[in-house]
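Shown next: data-v7.cif, given as mmCIF, C-alpha atoms.
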data_query
#
loop_
_atom_site.group_PDB
_atom_site.id
_atom_site.type_symbol
_atom_site.label_atom_id
_atom_site.label_comp_id
_atom_site.auth_asym_id
_atom_site.auth_seq_id
_atom_site.Cartn_x
_atom_site.Cartn_y
_atom_site.Cartn_z
ATOM 1 C CA MET I 1 -6.794 -17.411 16.098
ATOM 2 C CA HIS I 2 -6.092 -13.898 17.331
ATOM 3 C CA ALA I 3 -7.965 -11.292 15.313
ATOM 4 C CA THR I 4 -4.846 -9.554 14.025
ATOM 5 C CA HIS I 5 -3.268 -12.850 13.072
ATOM 6 C CA ARG I 6 -6.339 -13.657 11.097
ATOM 7 C CA LEU I 7 -6.227 -10.393 9.191
ATOM 8 C CA ASP I 8 -2.603 -11.100 8.436
ATOM 9 C CA ALA I 9 -3.635 -14.548 7.193
ATOM 10 C CA VAL I 10 -6.198 -12.839 4.947
ATOM 11 C CA PHE I 11 -3.496 -10.837 3.195
ATOM 12 C CA ALA I 12 -1.293 -13.901 2.847
ATOM 13 C CA ALA I 13 -4.224 -15.862 1.437
ATOM 14 C CA LEU I 14 -5.057 -13.167 -1.089
ATOM 15 C CA ALA I 15 -1.473 -12.882 -2.311
ATOM 16 C CA ASP I 16 -1.957 -15.987 -4.484
ATOM 17 C CA PRO I 17 -3.604 -15.661 -7.947
ATOM 18 C CA THR I 18 -5.347 -19.069 -7.799
ATOM 19 C CA ARG I 19 -6.878 -18.205 -4.460
ATOM 20 C CA ARG I 20 -7.980 -14.815 -5.771
ATOM 21 C CA ALA I 21 -9.661 -16.593 -8.697
ATOM 22 C CA ILE I 22 -11.431 -18.934 -6.278
ATOM 23 C CA ILE I 23 -12.665 -15.930 -4.300
ATOM 24 C CA ALA I 24 -13.892 -14.314 -7.515
ATOM 25 C CA ARG I 25 -15.759 -17.499 -8.436
ATOM 26 C CA LEU I 26 -17.371 -17.767 -4.990
ATOM 27 C CA ALA I 27 -18.455 -14.150 -5.180
ATOM 28 C CA SER I 28 -21.073 -15.294 -7.700
ATOM 29 C CA GLY I 29 -22.385 -18.090 -5.472
ATOM 30 C CA GLN I 30 -21.328 -21.149 -3.475
ATOM 31 C CA ALA I 31 -19.614 -24.078 -5.214
ATOM 32 C CA SER I 32 -18.333 -27.580 -4.491
ATOM 33 C CA VAL I 33 -14.639 -28.476 -4.566
ATOM 34 C CA THR I 34 -15.135 -30.261 -7.899
ATOM 35 C CA GLU I 35 -16.818 -27.213 -9.372
ATOM 36 C CA LEU I 36 -14.078 -24.970 -8.058
ATOM 37 C CA ALA I 37 -11.323 -27.213 -9.444
ATOM 38 C CA ARG I 38 -12.829 -27.336 -12.951
ATOM 39 C CA PRO I 39 -11.458 -24.079 -14.448
ATOM 40 C CA PHE I 40 -7.946 -24.733 -13.138
ATOM 41 C CA ALA I 41 -5.345 -27.092 -14.554
ATOM 42 C CA MET I 42 -4.877 -28.439 -11.060
ATOM 43 C CA SER I 43 -5.582 -31.613 -9.149
ATOM 44 C CA GLN I 44 -8.370 -31.661 -6.624
ATOM 45 C CA PRO I 45 -5.916 -32.087 -3.708
ATOM 46 C CA ALA I 46 -4.057 -28.985 -4.915
ATOM 47 C CA ILE I 47 -7.292 -27.009 -4.955
ATOM 48 C CA SER I 48 -8.189 -28.401 -1.526
ATOM 49 C CA LYS I 49 -4.904 -27.058 -0.222
ATOM 50 C CA HIS I 50 -5.791 -23.571 -1.467
ATOM 51 C CA LEU I 51 -9.256 -23.890 0.035
ATOM 52 C CA LYS I 52 -7.740 -24.800 3.372
ATOM 53 C CA VAL I 53 -5.653 -21.602 3.343
ATOM 54 C CA LEU I 54 -8.741 -19.544 2.509
ATOM 55 C CA GLU I 55 -10.724 -21.306 5.197
ATOM 56 C CA ARG I 56 -8.080 -20.740 7.859
ATOM 57 C CA ALA I 57 -8.049 -17.059 6.965
ATOM 58 C CA GLY I 58 -11.799 -17.025 7.522
ATOM 59 C CA LEU I 59 -12.455 -16.008 3.916
ATOM 60 C CA ILE I 60 -14.604 -19.042 3.071
ATOM 61 C CA SER I 61 -16.673 -21.573 4.978
ATOM 62 C CA ARG I 62 -18.305 -24.924 4.271
ATOM 63 C CA GLY I 63 -21.994 -25.518 3.787
ATOM 64 C CA ARG I 64 -23.853 -28.242 5.673
ATOM 65 C CA GLU I 65 -24.919 -30.482 2.775
ATOM 66 C CA ALA I 66 -23.171 -33.738 3.702
ATOM 67 C CA GLN I 67 -21.988 -34.799 0.247
ATOM 68 C CA ARG I 68 -21.124 -31.596 -1.544
ATOM 69 C CA ARG I 69 -19.926 -29.452 1.363
ATOM 70 C CA PRO I 70 -20.132 -26.393 -0.892
ATOM 71 C CA ARG I 71 -17.716 -23.592 -0.126
ATOM 72 C CA ARG I 72 -19.044 -20.099 0.235
ATOM 73 C CA LEU I 73 -17.512 -16.695 0.578
ATOM 74 C CA GLU I 74 -17.328 -14.965 3.969
ATOM 75 C CA ALA I 75 -17.821 -11.479 2.616
ATOM 76 C CA LYS I 76 -17.397 -9.750 5.957
ATOM 77 C CA ARG I 77 -13.822 -10.937 6.373
ATOM 78 C CA LEU I 78 -12.950 -9.853 2.867
ATOM 79 C CA ALA I 79 -14.524 -6.447 3.397
ATOM 80 C CA GLU I 80 -12.489 -5.938 6.577
ATOM 81 C CA ALA I 81 -9.201 -6.527 4.793
ATOM 82 C CA ASP I 82 -10.342 -4.486 1.838
ATOM 83 C CA ARG I 83 -11.314 -1.534 3.960
ATOM 84 C CA TRP I 84 -7.876 -1.103 5.391
ATOM 85 C CA LEU I 85 -6.022 -1.669 2.141
ATOM 86 C CA GLU I 86 -8.417 0.660 0.364
ATOM 87 C CA ARG I 87 -7.695 3.482 2.805
ATOM 88 C CA TYR I 88 -4.012 2.911 2.568
ATOM 89 C CA ARG I 89 -4.157 2.623 -1.208
ATOM 90 C CA ARG I 90 -6.226 5.787 -1.482
ATOM 91 C CA LEU I 91 -3.808 7.743 0.675
ATOM 92 C CA TRP I 92 -0.833 6.713 -1.438
ATOM 93 C CA GLU I 93 -2.659 6.981 -4.728
ATOM 94 C CA GLY I 94 -3.417 10.587 -3.806
ATOM 95 C CA ASN I 95 0.251 11.205 -3.120
ATOM 96 C CA TYR I 96 1.367 9.455 -6.282
ATOM 97 C CA ARG I 97 -1.089 11.317 -8.531
ATOM 98 C CA ARG I 98 0.431 14.540 -7.272
ATOM 99 C CA LEU I 99 3.859 13.040 -7.945
ATOM 100 C CA ASP I 100 2.743 12.223 -11.533
ATOM 101 C CA ALA I 101 1.845 15.872 -12.028
ATOM 102 C CA LEU I 102 5.108 17.054 -10.477
ATOM 103 C CA LEU I 103 7.136 14.703 -12.681
ATOM 104 C CA ASP I 104 5.403 16.126 -15.767
ATOM 105 C CA VAL I 105 6.475 19.601 -14.685
ATOM 106 C CA LEU I 106 10.042 18.441 -14.028
ATOM 107 C CA LYS I 107 10.237 16.732 -17.429
ATOM 108 C CA THR I 108 9.133 19.915 -19.184
ATOM 109 C CA GLN I 109 11.606 22.034 -17.222
ATOM 110 C CA GLY I 110 14.380 19.566 -18.045
ATOM 111 C CA LYS I 111 13.633 19.879 -21.761
ATOM 112 C CA GLU I 112 13.618 23.663 -21.600
ATOM 113 C CA ARG I 113 16.997 23.728 -19.925
ATOM 114 C CA THR I 114 18.701 21.153 -22.120
ATOM 115 C CA PRO I 115 17.130 21.256 -25.562
ATOM 116 C CA ARG I 116 17.718 18.137 -27.629
ATOM 117 C CA MET Z 1 -0.711 6.136 -21.704
ATOM 118 C CA ARG Z 2 -1.202 3.046 -19.574
ATOM 119 C CA GLN Z 3 -3.142 3.536 -16.387
ATOM 120 C CA ALA Z 4 -0.673 3.570 -13.512
ATOM 121 C CA GLN Z 5 -1.836 1.206 -10.833
ATOM 122 C CA LEU Z 6 -0.707 1.142 -7.255
ATOM 123 C CA LYS Z 7 -0.283 -2.334 -5.825
ATOM 124 C CA ILE Z 8 0.013 -3.039 -2.133
ATOM 125 C CA THR Z 9 0.849 -6.493 -0.829
ATOM 126 C CA THR Z 10 2.385 -8.174 2.166
ATOM 127 C CA ALA Z 11 5.585 -10.184 1.756
ATOM 128 C CA GLY Z 12 7.199 -12.565 4.214
ATOM 129 C CA ASP Z 13 6.465 -11.991 7.876
ATOM 130 C CA ARG Z 14 7.315 -8.345 8.294
ATOM 131 C CA ASP Z 15 7.071 -6.516 4.966
ATOM 132 C CA LEU Z 16 4.491 -4.352 3.290
ATOM 133 C CA VAL Z 17 5.290 -3.690 -0.360
ATOM 134 C CA MET Z 18 3.949 -0.976 -2.668
ATOM 135 C CA THR Z 19 4.671 -0.844 -6.383
ATOM 136 C CA ARG Z 20 3.724 1.747 -8.966
ATOM 137 C CA GLU Z 21 4.889 2.925 -12.351
ATOM 138 C CA PHE Z 22 5.691 6.521 -13.276
ATOM 139 C CA ASP Z 23 5.978 8.056 -16.716
ATOM 140 C CA ALA Z 24 9.348 9.681 -16.033
ATOM 141 C CA PRO Z 25 13.018 8.720 -15.822
ATOM 142 C CA ARG Z 26 14.077 7.510 -12.395
ATOM 143 C CA ARG Z 27 16.447 10.425 -11.897
ATOM 144 C CA LEU Z 28 13.397 12.671 -11.572
ATOM 145 C CA VAL Z 29 11.527 10.207 -9.356
ATOM 146 C CA PHE Z 30 14.586 9.985 -7.116
ATOM 147 C CA ASP Z 31 14.827 13.798 -6.968
ATOM 148 C CA ALA Z 32 11.159 13.972 -6.012
ATOM 149 C CA HIS Z 33 11.944 11.701 -3.028
ATOM 150 C CA THR Z 34 15.139 13.391 -1.900
ATOM 151 C CA LYS Z 35 14.779 17.152 -2.469
ATOM 152 C CA PRO Z 36 12.643 18.748 0.256
ATOM 153 C CA GLU Z 37 11.334 21.479 -2.055
ATOM 154 C CA LEU Z 38 9.953 18.731 -4.309
ATOM 155 C CA VAL Z 39 8.815 16.340 -1.566
ATOM 156 C CA ARG Z 40 6.569 18.977 -0.006
ATOM 157 C CA ARG Z 41 4.731 19.342 -3.323
ATOM 158 C CA TRP Z 42 3.344 15.810 -3.368
ATOM 159 C CA LEU Z 43 3.787 13.931 -0.062
ATOM 160 C CA LEU Z 44 0.759 15.534 1.520
ATOM 161 C CA GLY Z 45 -1.492 12.669 2.535
ATOM 162 C CA PRO Z 46 -5.269 12.964 2.327
ATOM 163 C CA PRO Z 47 -6.906 16.190 1.134
ATOM 164 C CA GLY Z 48 -6.860 18.875 3.800
ATOM 165 C CA TRP Z 49 -3.352 18.100 5.011
ATOM 166 C CA SER Z 50 -0.153 19.989 4.277
ATOM 167 C CA LEU Z 51 3.482 19.317 5.082
ATOM 168 C CA PRO Z 52 4.746 22.481 6.802
ATOM 169 C CA VAL Z 53 7.859 20.797 8.217
ATOM 170 C CA CYS Z 54 9.977 18.995 5.642
ATOM 171 C CA GLU Z 55 13.621 18.759 6.678
ATOM 172 C CA MET Z 56 15.863 16.284 4.948
ATOM 173 C CA ASP Z 57 19.591 15.734 5.199
ATOM 174 C CA VAL Z 58 19.905 13.115 2.493
ATOM 175 C CA ARG Z 59 23.195 11.321 3.151
ATOM 176 C CA VAL Z 60 24.074 8.171 5.046
ATOM 177 C CA GLY Z 61 23.467 8.907 8.735
ATOM 178 C CA GLY Z 62 21.595 12.117 7.916
ATOM 179 C CA LYS Z 63 18.188 12.736 9.485
ATOM 180 C CA TYR Z 64 14.834 13.723 8.090
ATOM 181 C CA ARG Z 65 11.729 15.067 9.743
ATOM 182 C CA TRP Z 66 8.241 15.566 8.345
ATOM 183 C CA VAL Z 67 5.249 17.077 10.116
ATOM 184 C CA TRP Z 68 1.806 17.100 8.505
ATOM 185 C CA ARG Z 69 -0.856 19.512 9.662
ATOM 186 C CA HIS Z 70 -4.573 19.479 9.099
ATOM 187 C CA ASP Z 71 -5.589 22.808 7.564
ATOM 188 C CA THR Z 72 -8.775 23.328 9.533
ATOM 189 C CA ASN Z 73 -8.497 21.528 12.872
ATOM 190 C CA GLY Z 74 -4.736 21.975 13.306
ATOM 191 C CA THR Z 75 -4.062 18.314 14.106
ATOM 192 C CA GLU Z 76 -0.396 17.490 13.613
ATOM 193 C CA MET Z 77 1.293 14.234 12.819
ATOM 194 C CA GLY Z 78 5.054 13.989 12.810
ATOM 195 C CA MET Z 79 7.563 11.366 11.831
ATOM 196 C CA GLY Z 80 11.205 11.070 11.081
ATOM 197 C CA GLY Z 81 14.197 8.845 10.788
ATOM 198 C CA VAL Z 82 17.706 8.365 9.509
ATOM 199 C CA TYR Z 83 19.016 7.620 6.020
ATOM 200 C CA ARG Z 84 20.873 4.324 5.912
ATOM 201 C CA GLU Z 85 21.696 4.034 2.193
ATOM 202 C CA VAL Z 86 21.649 6.700 -0.484
ATOM 203 C CA LYS Z 87 22.398 5.475 -3.977
ATOM 204 C CA ALA Z 88 21.109 7.955 -6.543
ATOM 205 C CA PRO Z 89 19.068 7.429 -8.640
ATOM 206 C CA GLU Z 90 18.122 3.875 -7.750
ATOM 207 C CA ARG Z 91 17.976 3.149 -4.061
ATOM 208 C CA LEU Z 92 17.150 4.925 -0.821
ATOM 209 C CA VAL Z 93 16.959 3.203 2.559
ATOM 210 C CA SER Z 94 15.729 4.988 5.655
ATOM 211 C CA THR Z 95 14.252 4.302 9.058
ATOM 212 C CA GLU Z 96 10.811 5.637 9.894
ATOM 213 C CA LYS Z 97 9.142 6.282 13.212
ATOM 214 C CA PHE Z 98 5.982 8.230 13.933
ATOM 215 C CA ASP Z 99 6.024 10.585 16.951
ATOM 216 C CA GLU Z 100 3.007 8.812 18.322
ATOM 217 C CA ALA Z 101 3.680 5.372 16.950
ATOM 218 C CA TRP Z 102 0.779 2.976 17.340
ATOM 219 C CA TYR Z 103 2.996 0.013 16.570
ATOM 220 C CA PRO Z 104 6.194 -1.108 18.297
ATOM 221 C CA GLY Z 105 9.565 0.056 17.021
ATOM 222 C CA GLU Z 106 10.366 1.682 13.733
ATOM 223 C CA SER Z 107 10.193 0.480 10.168
ATOM 224 C CA LEU Z 108 12.990 0.218 7.653
ATOM 225 C CA ASN Z 109 11.881 1.625 4.319
ATOM 226 C CA THR Z 110 13.591 0.701 1.083
ATOM 227 C CA LEU Z 111 12.841 2.608 -2.103
ATOM 228 C CA VAL Z 112 13.988 0.926 -5.311
ATOM 229 C CA LEU Z 113 13.628 2.605 -8.710
ATOM 230 C CA VAL Z 114 13.990 0.649 -11.940
ATOM 231 C CA GLU Z 115 13.896 2.477 -15.260
ATOM 232 C CA HIS Z 116 12.740 0.982 -18.531
ATOM 233 C CA ALA Z 117 12.152 2.929 -21.752
ATOM 234 C CA GLY Z 118 11.853 6.222 -19.949
ATOM 235 C CA ARG Z 119 9.385 4.884 -17.374
ATOM 236 C CA THR Z 120 10.156 4.096 -13.758
ATOM 237 C CA THR Z 121 8.860 1.290 -11.582
ATOM 238 C CA LEU Z 122 8.902 2.259 -7.944
ATOM 239 C CA THR Z 123 8.994 -0.398 -5.233
ATOM 240 C CA GLN Z 124 8.660 0.791 -1.668
ATOM 241 C CA THR Z 125 9.162 -1.875 0.980
ATOM 242 C CA MET Z 126 8.358 -1.179 4.598
ATOM 243 C CA ARG Z 127 9.893 -3.711 6.933
ATOM 244 C CA TYR Z 128 8.516 -3.647 10.452
ATOM 245 C CA GLU Z 129 10.321 -4.869 13.537
ATOM 246 C CA SER Z 130 8.097 -7.861 13.991
ATOM 247 C CA ARG Z 131 5.141 -9.670 12.572
ATOM 248 C CA GLU Z 132 3.104 -8.125 15.386
ATOM 249 C CA ALA Z 133 4.166 -4.605 14.450
ATOM 250 C CA ARG Z 134 3.076 -5.103 10.858
ATOM 251 C CA GLU Z 135 -0.200 -6.531 12.072
ATOM 252 C CA ALA Z 136 -0.746 -3.455 14.200
ATOM 253 C CA VAL Z 137 -0.180 -1.294 11.141
ATOM 254 C CA ILE Z 138 -2.474 -3.392 8.979
ATOM 255 C CA LYS Z 139 -5.103 -3.693 11.650
ATOM 256 C CA SER Z 140 -5.483 -0.133 12.766
ATOM 257 C CA GLY Z 141 -3.322 1.584 10.151
ATOM 258 C CA MET Z 142 -4.240 5.124 9.485
ATOM 259 C CA GLU Z 143 -7.192 5.165 11.832
ATOM 260 C CA LYS Z 144 -4.981 5.737 14.848
ATOM 261 C CA GLY Z 145 -2.168 7.308 12.890
ATOM 262 C CA VAL Z 146 -4.247 10.127 11.535
ATOM 263 C CA SER Z 147 -6.662 9.957 14.479
ATOM 264 C CA ALA Z 148 -10.114 11.449 14.682
ATOM 265 C CA SER Z 149 -10.246 13.500 11.529
ATOM 266 C CA TYR Z 150 -9.998 10.476 9.323
ATOM 267 C CA ASP Z 151 -13.624 9.439 9.388
ATOM 268 C CA ARG Z 152 -14.643 12.871 8.204
ATOM 269 C CA LEU Z 153 -11.952 12.680 5.571
ATOM 270 C CA ASP Z 154 -13.465 9.461 4.304
ATOM 271 C CA ASP Z 155 -16.621 11.362 3.487
ATOM 272 C CA VAL Z 156 -14.625 14.102 1.830
ATOM 273 C CA LEU Z 157 -12.680 11.572 -0.202
ATOM 274 C CA ALA Z 158 -15.815 9.758 -1.264
ATOM 275 C CA ALA Z 159 -17.365 13.055 -2.330
ATOM 276 C CA THR Z 160 -14.354 14.300 -4.276
ATOM 277 C CA ALA Z 161 -13.064 11.051 -5.799
ATOM 278 C CA PRO Z 162 -13.322 11.210 -9.584
ATOM 279 C CA ALA Z 163 -15.559 8.538 -11.094
ATOM 280 C CA THR Z 164 -12.869 7.516 -13.550
ATOM 281 C CA PRO Z 165 -9.326 8.092 -12.313
ATOM 282 C CA ARG Z 166 -7.485 10.507 -14.589
#

Please rewrite the model in this file as structure tokens.
Amino acid sequence: MHATHRLDAVFAALADPTRRAIIARLASGQASVTELARPFAMSQPAISKHLKVLERAGLISRGREAQRRPRRLEAKRLAEADRWLERYRRLWEGNYRRLDALLDVLKTQGKERTPR
Amino acid sequence: MRQAQLKITTAGDRDLVMTREFDAPRRLVFDAHTKPELVRRWLLGPPGWSLPVCEMDVRVGGKYRWVWRHDTNGTEMGMGGVYREVKAPERLVSTEKFDEAWYPGESLNTLVLVEHAGRTTLTQTMRYESREAREAVIKSGMEKGVSASYDRLDDVLAATAPATPR
């Protein structure tokens, strides 16, 4: 897959709450499909479907143990997506904090002009 | 007061979506997006940048132009576009194109403001011309857009970021 397509797939993969929960679980160590399915009210095939999306995005990979095939997190891929979003988020959060402050000023001015 | 949290997600093939809540009626949030004297007080980008050019003719077909300048190295970054829909105080649609765009075409930006109990939820959707254009934005985003000074700014941001926001 082309690198930019893959990054796009990362964002699509992370848009789902179940998949985010799976990522959070794998952040504390590798786990089998059965183990991953346990906390969710979901069938194993449904979980496998989510795992496939995460795998295609390069966010997780499979271990070599023949029976368990434990899934593990590919932290590098996650960090790459995070890095961009974090920059973007930081830029806009900076803007919006200033907007918060400006709105406070405008609210006060509004009250002064039209007392209730 | 609840901690306002900025959310950024992708939607569909071409959209980037930002949502955030503000503790103010939407009339004021709309003003802050449509009156140049207010816009230039907050839409400044990373620390060290100002918005010396802020021209806005807010009506359907009217143009806007913003130019940011880095205070110390003088780097400039300009962008502009045309207003497509102006529906105060709830909706503003405009095109957006950077002077030195690092992605093909322009984006169509839709600002939607929903008010509830005196608070406003802002949703800003940026629709790019193609999946590829959005990928270019996601992939190299501000690195090329803001060019060389950004890496230094990262350090500055890391050094000045408050440990606990607000």

Closest atom pairs, segment 62-107 of chain I residues within 9 Å of segment 22-26 of chain I, all atoms listed in the file, as a Markdown table:
| residue | atom | partner | partner_atom | distance |
| --- | --- | --- | --- | --- |
| I:Arg71 | CA | I:Leu26 | CA | 7.6 |
| I:Arg72 | CA | I:Leu26 | CA | 6.0 |
| I:Leu73 | CA | I:Leu26 | CA | 5.7 |

Report the centre and edge lengths, in Å to one decimal, of an axis-aligned box enclosing every atom of segment 50-57 of chain Z listed in the file, padded by 6 Å on each side, as lines of an AutoDock Vina configuration file.
center_x = 9.7
center_y = 19.1
center_z = 6.2
size_x = 31.7
size_y = 18.7
size_z = 15.9

Please check the contacts: residues of chain I at most 6 Å away from chain Z, using all atoms listed in the file, listed as a ChimeraX atom specification. /I:4,91,95,98-99

Let me see the file: selected residues, C-alpha atoms, as a compact mmCIF listing (two decimals), keeping the file's coordinate frame.
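The resulting file, part.txt, is reproduced below:
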# COMPACT_ATOMS: atom_id res chain seq x y z
CA THR I 4 -4.85 -9.55 14.02
CA LEU I 91 -3.81 7.74 0.68
CA ASN I 95 0.25 11.20 -3.12
CA ARG I 98 0.43 14.54 -7.27
CA LEU I 99 3.86 13.04 -7.94

Residues picked by the PyMOL selection byres ((chain I and resi 70) around 8) here, as a list in words?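 Applied to this file, the PyMOL selection byres ((chain I and resi 70) around 8) returns Gln30, Ala31, Ser32, Val33, Arg62, Gly63, Arg64, Glu65, Arg68, Arg69, Arg71 and Arg72 of chain I.
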
Would you work out the distance separating atom CA of Thr18 of chain I from atom CA of Thr121 of chain Z, expressed in Å to one decimal? 25.1 Å

Using the chain letters and numbers from this file, what does the PyMOL selection byres ((chain Z and resi 129) around 8) select? Give the answer as a list in words.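 With the shown file as input, the PyMOL selection byres ((chain Z and resi 129) around 8) matches Arg14, Pro104, Gly105, Glu106, Ser107, Arg127, Tyr128, Ser130, Arg131, Ala133 and Arg134 of chain Z.
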
Selected by the PyMOL selection byres ((chain Z and resi 54) around 10) in the shown coordinates: which residues, as a ChimeraX atom specification? /Z:35-40,43,51-53,55-56,64-68,80

Go ahead and dump the residues you just picked, C-alpha atoms, as a CSV table (one decimal), keeping the file's coordinate frame.
chain,number,residue,atom,x,y,z
Z,35,LYS,CA,14.8,17.2,-2.5
Z,36,PRO,CA,12.6,18.7,0.3
Z,37,GLU,CA,11.3,21.5,-2.1
Z,38,LEU,CA,10.0,18.7,-4.3
Z,39,VAL,CA,8.8,16.3,-1.6
Z,40,ARG,CA,6.6,19.0,0.0
Z,43,LEU,CA,3.8,13.9,-0.1
Z,51,LEU,CA,3.5,19.3,5.1
Z,52,PRO,CA,4.7,22.5,6.8
Z,53,VAL,CA,7.9,20.8,8.2
Z,55,GLU,CA,13.6,18.8,6.7
Z,56,MET,CA,15.9,16.3,4.9
Z,64,TYR,CA,14.8,13.7,8.1
Z,65,ARG,CA,11.7,15.1,9.7
Z,66,TRP,CA,8.2,15.6,8.3
Z,67,VAL,CA,5.2,17.1,10.1
Z,68,TRP,CA,1.8,17.1,8.5
Z,80,GLY,CA,11.2,11.1,11.1

Using all atoms listed in the file, pick whichever of Z:Val86, Z:Leu16, Z:Leu122, Z:Val93 has the shortest atom-to-atom distance to Leu108 of chain Z. Z:Val93

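Note that atom CA of Thr123 of chain Z and atom CA of Asp15 of chain Z are 12.0 Å apart.
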
Hey, what's within 8 Å of Gln44 of chain I if we count all atoms listed in the file and toss same-chain stuff fewer than 3 positions away? As an MDAnalysis selection string, please? chainID I and resid 33:34 37 47:48

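The closest residue to Leu59 of chain I, picked from I:Trp92, I:Ala79, I:Arg87, I:Glu112 and counting only C-alpha atoms, is I:Ala79.
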
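In this comparison, which uses only C-alpha atoms, the residue of Z:Ser50, Z:Thr34, Z:Asn109, Z:Thr75 approaching Gln124 of chain Z most closely is Z:Asn109.
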
At what distance in Å, to one decimal, does atom CA of Ala81 of chain I lie from atom CA of Tyr96 of chain I?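 One can read the atom CA of Tyr96 of chain I to atom CA of Ala81 of chain I distance as 22.1 Å.
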